[in-house]
Amino acid sequence: MHHFQLAALPAAPFAALFELSDDALAHHGAQRCIAAESTGYPCRISLEDATQGDELLLLPFEHQPAASPYRASGPIFVRRGALQRVLPADQVPPYLSTRLLSVRAYDRADMIIEASVRDGTEIADEIRRLFGHPAVAYIHLHFAKRGCFACRVDRAEPQQS
């Protein structure tokens with residue numbers, strides 16, 4: 001069986017942005033918002049949906065910085081005060097399991113070598129299937145409806161108990 005680890009974004013690169021004025025945020029292409037409900041505002045730092053009333057930033061993020069034709073950026077939400085979540089190997093949180101996901105498998109040259117769309121309840125099996133291909137170096141998950149980057153997935157060693 002192929003094991004995997006979801007990788008949340010670190011909080012530090014975003015922390016100072018919360019202190020900027022709305023005008024200054026606009027110069028970064030970012031917007032401040034308050035979660036109107038407890039779904040629909042997925043934080044890429046905590047890998048969970050923000051709770052109604054939470055302050056977030058919606059901003060562009062270069063999720064694929066590689067020097068390849070697949071270099072890409074797109075909008076993400078980050079929540080004020082969120083801590084970078086470290087999940088155990090093979091765990092898929094509701095942040096992903098409750099959504100339709102686009103799955104993009106990359107090789108060591110940062111080229112997409114396979115892609116699919118799966119219901120979040122099937123994502124663990126799809127990740128394991130893709131990591132069954134020795135050429136797959138890592139995987140990106142995106143929210144299929146809006147196309148936004150959700151998180152990176154890396155190969156992992158099984159948890160020892």
# chains A, B, ... in the order shown; residues from 1 in each chain; ligands from 1

call {"tool": "closest_atom_pairs", "arguments": {"of": "stretch 20-120 of chain A", "to": "stretch 135-146 of chain A", "cutoff": "12 Å", "atoms": "only C-alpha atoms", "output": "CSV"}}
result
residue,atom,partner,partner_atom,distance
A:Gly40,CA,A:Phe143,CA,10.8
A:Tyr41,CA,A:Phe143,CA,11.6
A:Pro42,CA,A:Phe143,CA,9.8
A:Arg44,CA,A:His142,CA,11.1
A:Leu47,CA,A:Leu141,CA,11.9
A:His63,CA,A:His140,CA,8.7
A:Gln64,CA,A:His140,CA,8.8
A:Tyr70,CA,A:His140,CA,11.6
A:Ala72,CA,A:His140,CA,11.4
A:Ser73,CA,A:His142,CA,11.6
A:Gly74,CA,A:Arg146,CA,10.0
A:Pro75,CA,A:Arg146,CA,9.5
A:Ile76,CA,A:His142,CA,10.5
A:Val92,CA,A:Leu141,CA,11.6
A:Tyr95,CA,A:Phe143,CA,10.1
A:Leu96,CA,A:Phe143,CA,8.3
A:Ser97,CA,A:Phe143,CA,10.8
A:Thr98,CA,A:Phe143,CA,10.4
A:Arg99,CA,A:Phe143,CA,7.0
A:Leu100,CA,A:Ala144,CA,5.6
A:Leu101,CA,A:Ala144,CA,4.7
A:Ser102,CA,A:Ala144,CA,4.9
A:Val103,CA,A:Leu141,CA,4.9
A:Arg104,CA,A:His140,CA,5.2
A:Ala105,CA,A:Ile139,CA,4.4
A:Tyr106,CA,A:Tyr138,CA,5.6
A:Asp107,CA,A:Val136,CA,4.8
A:Arg108,CA,A:Ala137,CA,5.5
A:Ala109,CA,A:Ala137,CA,8.9
A:Asp110,CA,A:Ala137,CA,8.4
A:Met111,CA,A:Val136,CA,9.6
A:Ile112,CA,A:Val136,CA,8.8
A:Ile113,CA,A:Val136,CA,7.5
A:Glu114,CA,A:Val136,CA,8.6
A:Ala115,CA,A:Ile139,CA,9.3
A:Ser116,CA,A:Ala144,CA,9.9
A:Val117,CA,A:Ala144,CA,7.1
A:Arg118,CA,A:Ala144,CA,8.7
A:Asp119,CA,A:Ala144,CA,9.4
A:Gly120,CA,A:Phe143,CA,9.5

call {"tool": "select_by_dssp", "arguments": {"residues": "stretch 17-131 of chain A", "states": "helix (DSSP H, G or I)", "output": "list in words"}}
result
Leu17, Phe18, Glu19, Asp22, Asp23, Ala24, Leu25, Ala26, His27, Pro94, Tyr95, Leu96, Ser97, Gly120, Thr121, Glu122, Ile123, Ala124, Asp125, Glu126, Ile127, Arg128, Arg129, Leu130 and Phe131 of chain A

call {"tool": "write_last_selection", "arguments": {"atoms": "N, CA and C atoms", "output": "mmCIF file, in the first residue's frame"}}
result
data_model
loop_
_atom_site.group_PDB
_atom_site.id
_atom_site.type_symbol
_atom_site.label_atom_id
_atom_site.label_comp_id
_atom_site.auth_asym_id
_atom_site.auth_seq_id
_atom_site.Cartn_x
_atom_site.Cartn_y
_atom_site.Cartn_z
ATOM 1 N N LEU A 17 0.274 40.036 6.379
ATOM 2 C CA LEU A 17 -0.741 40.571 5.470
ATOM 3 C C LEU A 17 -2.021 40.957 6.205
ATOM 4 N N PHE A 18 -2.310 40.266 7.302
ATOM 5 C CA PHE A 18 -3.522 40.576 8.065
ATOM 6 C C PHE A 18 -3.449 41.956 8.717
ATOM 7 N N GLU A 19 -2.251 42.495 8.874
ATOM 8 C CA GLU A 19 -2.073 43.806 9.501
ATOM 9 C C GLU A 19 -2.178 44.953 8.495
ATOM 10 N N ASP A 22 -6.989 47.618 3.939
ATOM 11 C CA ASP A 22 -7.655 47.042 2.766
ATOM 12 C C ASP A 22 -7.056 47.582 1.468
ATOM 13 N N ASP A 23 -6.673 48.878 1.473
ATOM 14 C CA ASP A 23 -6.037 49.455 0.286
ATOM 15 C C ASP A 23 -4.694 48.796 0.007
ATOM 16 N N ALA A 24 -3.905 48.569 1.051
ATOM 17 C CA ALA A 24 -2.604 47.918 0.877
ATOM 18 C C ALA A 24 -2.787 46.472 0.406
ATOM 19 N N LEU A 25 -3.796 45.798 0.932
ATOM 20 C CA LEU A 25 -4.074 44.428 0.480
ATOM 21 C C LEU A 25 -4.412 44.414 -1.006
ATOM 22 N N ALA A 26 -5.159 45.411 -1.444
ATOM 23 C CA ALA A 26 -5.546 45.481 -2.856
ATOM 24 C C ALA A 26 -4.322 45.563 -3.762
ATOM 25 N N HIS A 27 -3.251 46.192 -3.305
ATOM 26 C CA HIS A 27 -2.008 46.260 -4.090
ATOM 27 C C HIS A 27 -1.362 44.888 -4.248
ATOM 28 N N PRO A 94 -12.347 16.439 6.547
ATOM 29 C CA PRO A 94 -13.588 16.850 5.869
ATOM 30 C C PRO A 94 -13.385 18.000 4.891
ATOM 31 N N TYR A 95 -12.393 18.831 5.129
ATOM 32 C CA TYR A 95 -12.016 19.911 4.214
ATOM 33 C C TYR A 95 -11.941 19.399 2.773
ATOM 34 N N LEU A 96 -11.490 18.156 2.609
ATOM 35 C CA LEU A 96 -11.372 17.543 1.285
ATOM 36 C C LEU A 96 -12.439 16.492 1.019
ATOM 37 N N SER A 97 -12.761 15.694 2.013
ATOM 38 C CA SER A 97 -13.648 14.547 1.782
ATOM 39 C C SER A 97 -15.082 14.949 1.451
ATOM 40 N N GLY A 120 -14.553 13.612 -3.008
ATOM 41 C CA GLY A 120 -13.645 13.618 -1.867
ATOM 42 C C GLY A 120 -13.644 12.345 -1.050
ATOM 43 N N THR A 121 -14.761 11.624 -1.052
ATOM 44 C CA THR A 121 -14.816 10.357 -0.303
ATOM 45 C C THR A 121 -13.934 9.289 -0.945
ATOM 46 N N GLU A 122 -13.546 9.492 -2.199
ATOM 47 C CA GLU A 122 -12.709 8.521 -2.929
ATOM 48 C C GLU A 122 -11.251 8.957 -3.027
ATOM 49 N N ILE A 123 -10.904 10.098 -2.411
ATOM 50 C CA ILE A 123 -9.607 10.696 -2.692
ATOM 51 C C ILE A 123 -8.437 9.881 -2.152
ATOM 52 N N ALA A 124 -8.572 9.252 -1.009
ATOM 53 C CA ALA A 124 -7.467 8.452 -0.465
ATOM 54 C C ALA A 124 -7.114 7.316 -1.420
ATOM 55 N N ASP A 125 -8.117 6.633 -1.944
ATOM 56 C CA ASP A 125 -7.863 5.545 -2.897
ATOM 57 C C ASP A 125 -7.217 6.062 -4.173
ATOM 58 N N GLU A 126 -7.649 7.236 -4.646
ATOM 59 C CA GLU A 126 -7.069 7.797 -5.867
ATOM 60 C C GLU A 126 -5.609 8.201 -5.640
ATOM 61 N N ILE A 127 -5.309 8.779 -4.494
ATOM 62 C CA ILE A 127 -3.925 9.150 -4.179
ATOM 63 C C ILE A 127 -3.049 7.896 -4.153
ATOM 64 N N ARG A 128 -3.511 6.866 -3.485
ATOM 65 C CA ARG A 128 -2.736 5.608 -3.421
ATOM 66 C C ARG A 128 -2.531 5.016 -4.818
ATOM 67 N N ARG A 129 -3.577 5.071 -5.644
ATOM 68 C CA ARG A 129 -3.455 4.554 -7.008
ATOM 69 C C ARG A 129 -2.384 5.315 -7.775
ATOM 70 N N LEU A 130 -2.415 6.635 -7.681
ATOM 71 C CA LEU A 130 -1.432 7.443 -8.409
ATOM 72 C C LEU A 130 -0.016 7.223 -7.893
ATOM 73 N N PHE A 131 0.143 7.094 -6.591
ATOM 74 C CA PHE A 131 1.477 6.832 -6.049
ATOM 75 C C PHE A 131 1.953 5.413 -6.367
#

call {"tool": "residues_around", "arguments": {"residues": "A:Arg79", "least_positions_apart": "5", "cutoff": "7 Å", "atoms": "only C-alpha atoms", "output": "CSV table (one decimal) with C-alpha atoms, in the first residue's frame"}}
result
chain,number,residue,atom,x,y,z
A,43,CYS,CA,-8.3,27.6,4.9
A,50,ALA,CA,-13.4,28.6,8.5
A,55,GLU,CA,-11.5,36.7,9.3
A,56,LEU,CA,-9.8,35.5,6.2
A,57,LEU,CA,-7.8,36.8,3.3

call {"tool": "select_by_dssp", "arguments": {"residues": "chain A", "states": "strand (DSSP E or B)", "output": "PyMOL selection string"}}
result
chain A and resi 3-7+31-34+42-43+48-49+55-64+72-79+86+100-106+112-119+138-143+149-156

call {"tool": "write_last_selection", "arguments": {"atoms": "C-alpha atoms", "output": "short mmCIF file (atom, residue, chain, number, x, y, z; two decimals), in the first residue's frame"}}
result
data_model
loop_
_atom_site.label_atom_id
_atom_site.label_comp_id
_atom_site.auth_asym_id
_atom_site.auth_seq_id
_atom_site.Cartn_x
_atom_site.Cartn_y
_atom_site.Cartn_z
CA HIS A 3 1.08 5.99 2.03
CA PHE A 4 0.61 9.73 1.67
CA GLN A 5 0.83 12.98 3.65
CA LEU A 6 -1.22 16.11 2.99
CA ALA A 7 0.83 19.31 3.26
CA GLN A 31 -9.13 41.02 -0.14
CA ARG A 32 -10.14 40.71 3.50
CA CYS A 33 -13.40 38.90 4.15
CA ILE A 34 -15.47 37.49 6.99
CA PRO A 42 -11.46 26.52 3.07
CA CYS A 43 -8.27 27.64 4.85
CA GLU A 48 -10.35 23.03 7.49
CA ASP A 49 -13.26 25.30 6.69
CA GLU A 55 -11.54 36.73 9.29
CA LEU A 56 -9.80 35.50 6.15
CA LEU A 57 -7.76 36.79 3.30
CA LEU A 58 -8.56 35.80 -0.27
CA LEU A 59 -5.34 36.21 -2.22
CA PRO A 60 -3.39 34.89 -5.19
CA PHE A 61 -0.91 32.12 -4.39
CA GLU A 62 1.67 30.51 -6.65
CA HIS A 63 0.98 26.87 -5.82
CA GLN A 64 3.12 25.51 -8.66
CA ALA A 72 0.52 28.17 -11.89
CA SER A 73 -1.13 30.38 -9.32
CA GLY A 74 -4.65 30.95 -8.17
CA PRO A 75 -6.83 32.23 -5.35
CA ILE A 76 -6.71 30.75 -1.85
CA PHE A 77 -8.24 31.57 1.53
CA VAL A 78 -6.07 31.82 4.65
CA ARG A 79 -7.57 32.39 8.09
CA VAL A 86 0.15 18.52 10.33
CA LEU A 100 -15.36 17.26 -5.59
CA LEU A 101 -11.61 17.32 -6.25
CA SER A 102 -9.31 17.65 -9.22
CA VAL A 103 -6.21 15.51 -8.80
CA ARG A 104 -2.97 16.34 -10.64
CA ALA A 105 0.00 13.99 -10.43
CA TYR A 106 3.44 15.46 -11.24
CA ILE A 112 1.62 16.52 -15.06
CA ILE A 113 1.66 12.86 -15.98
CA GLU A 114 -1.87 11.97 -14.92
CA ALA A 115 -4.99 13.79 -13.74
CA SER A 116 -8.50 12.90 -12.64
CA VAL A 117 -11.59 14.24 -10.91
CA ARG A 118 -12.89 12.38 -7.86
CA ASP A 119 -15.43 12.78 -5.12
CA TYR A 138 3.90 14.50 -5.78
CA ILE A 139 0.23 15.38 -6.23
CA HIS A 140 -1.75 18.61 -6.11
CA LEU A 141 -5.40 18.60 -5.10
CA HIS A 142 -7.71 21.36 -6.34
CA PHE A 143 -11.35 22.08 -5.62
CA PHE A 149 -5.51 24.85 -5.08
CA ALA A 150 -6.39 22.83 -1.96
CA CYS A 151 -3.10 21.23 -0.90
CA ARG A 152 -0.05 19.25 -1.92
CA VAL A 153 0.26 15.52 -1.28
CA ASP A 154 3.61 13.80 -0.77
CA ARG A 155 4.59 10.19 -0.32
CA ALA A 156 4.86 9.18 3.35
#

call {"tool": "atom_distance", "arguments": {"atom1": "atom CA of A:Cys148", "atom2": "atom CA of A:Ser46"}}
result
15.8 Å

call {"tool": "closest_residue", "arguments": {"among": "A:Ala30, A:Ile45, A:Leu20, A:Gly147", "to": "A:Arg85", "atoms": "only C-alpha atoms"}}
result
A:Ile45

call {"tool": "atom_distance", "arguments": {"atom1": "atom CA of A:His28", "atom2": "atom CA of A:Leu83"}}
result
22.2 Å

call {"tool": "atom_distance", "arguments": {"atom1": "atom CA of A:Pro10", "atom2": "atom CA of A:Ala89"}}
result
17.9 Å
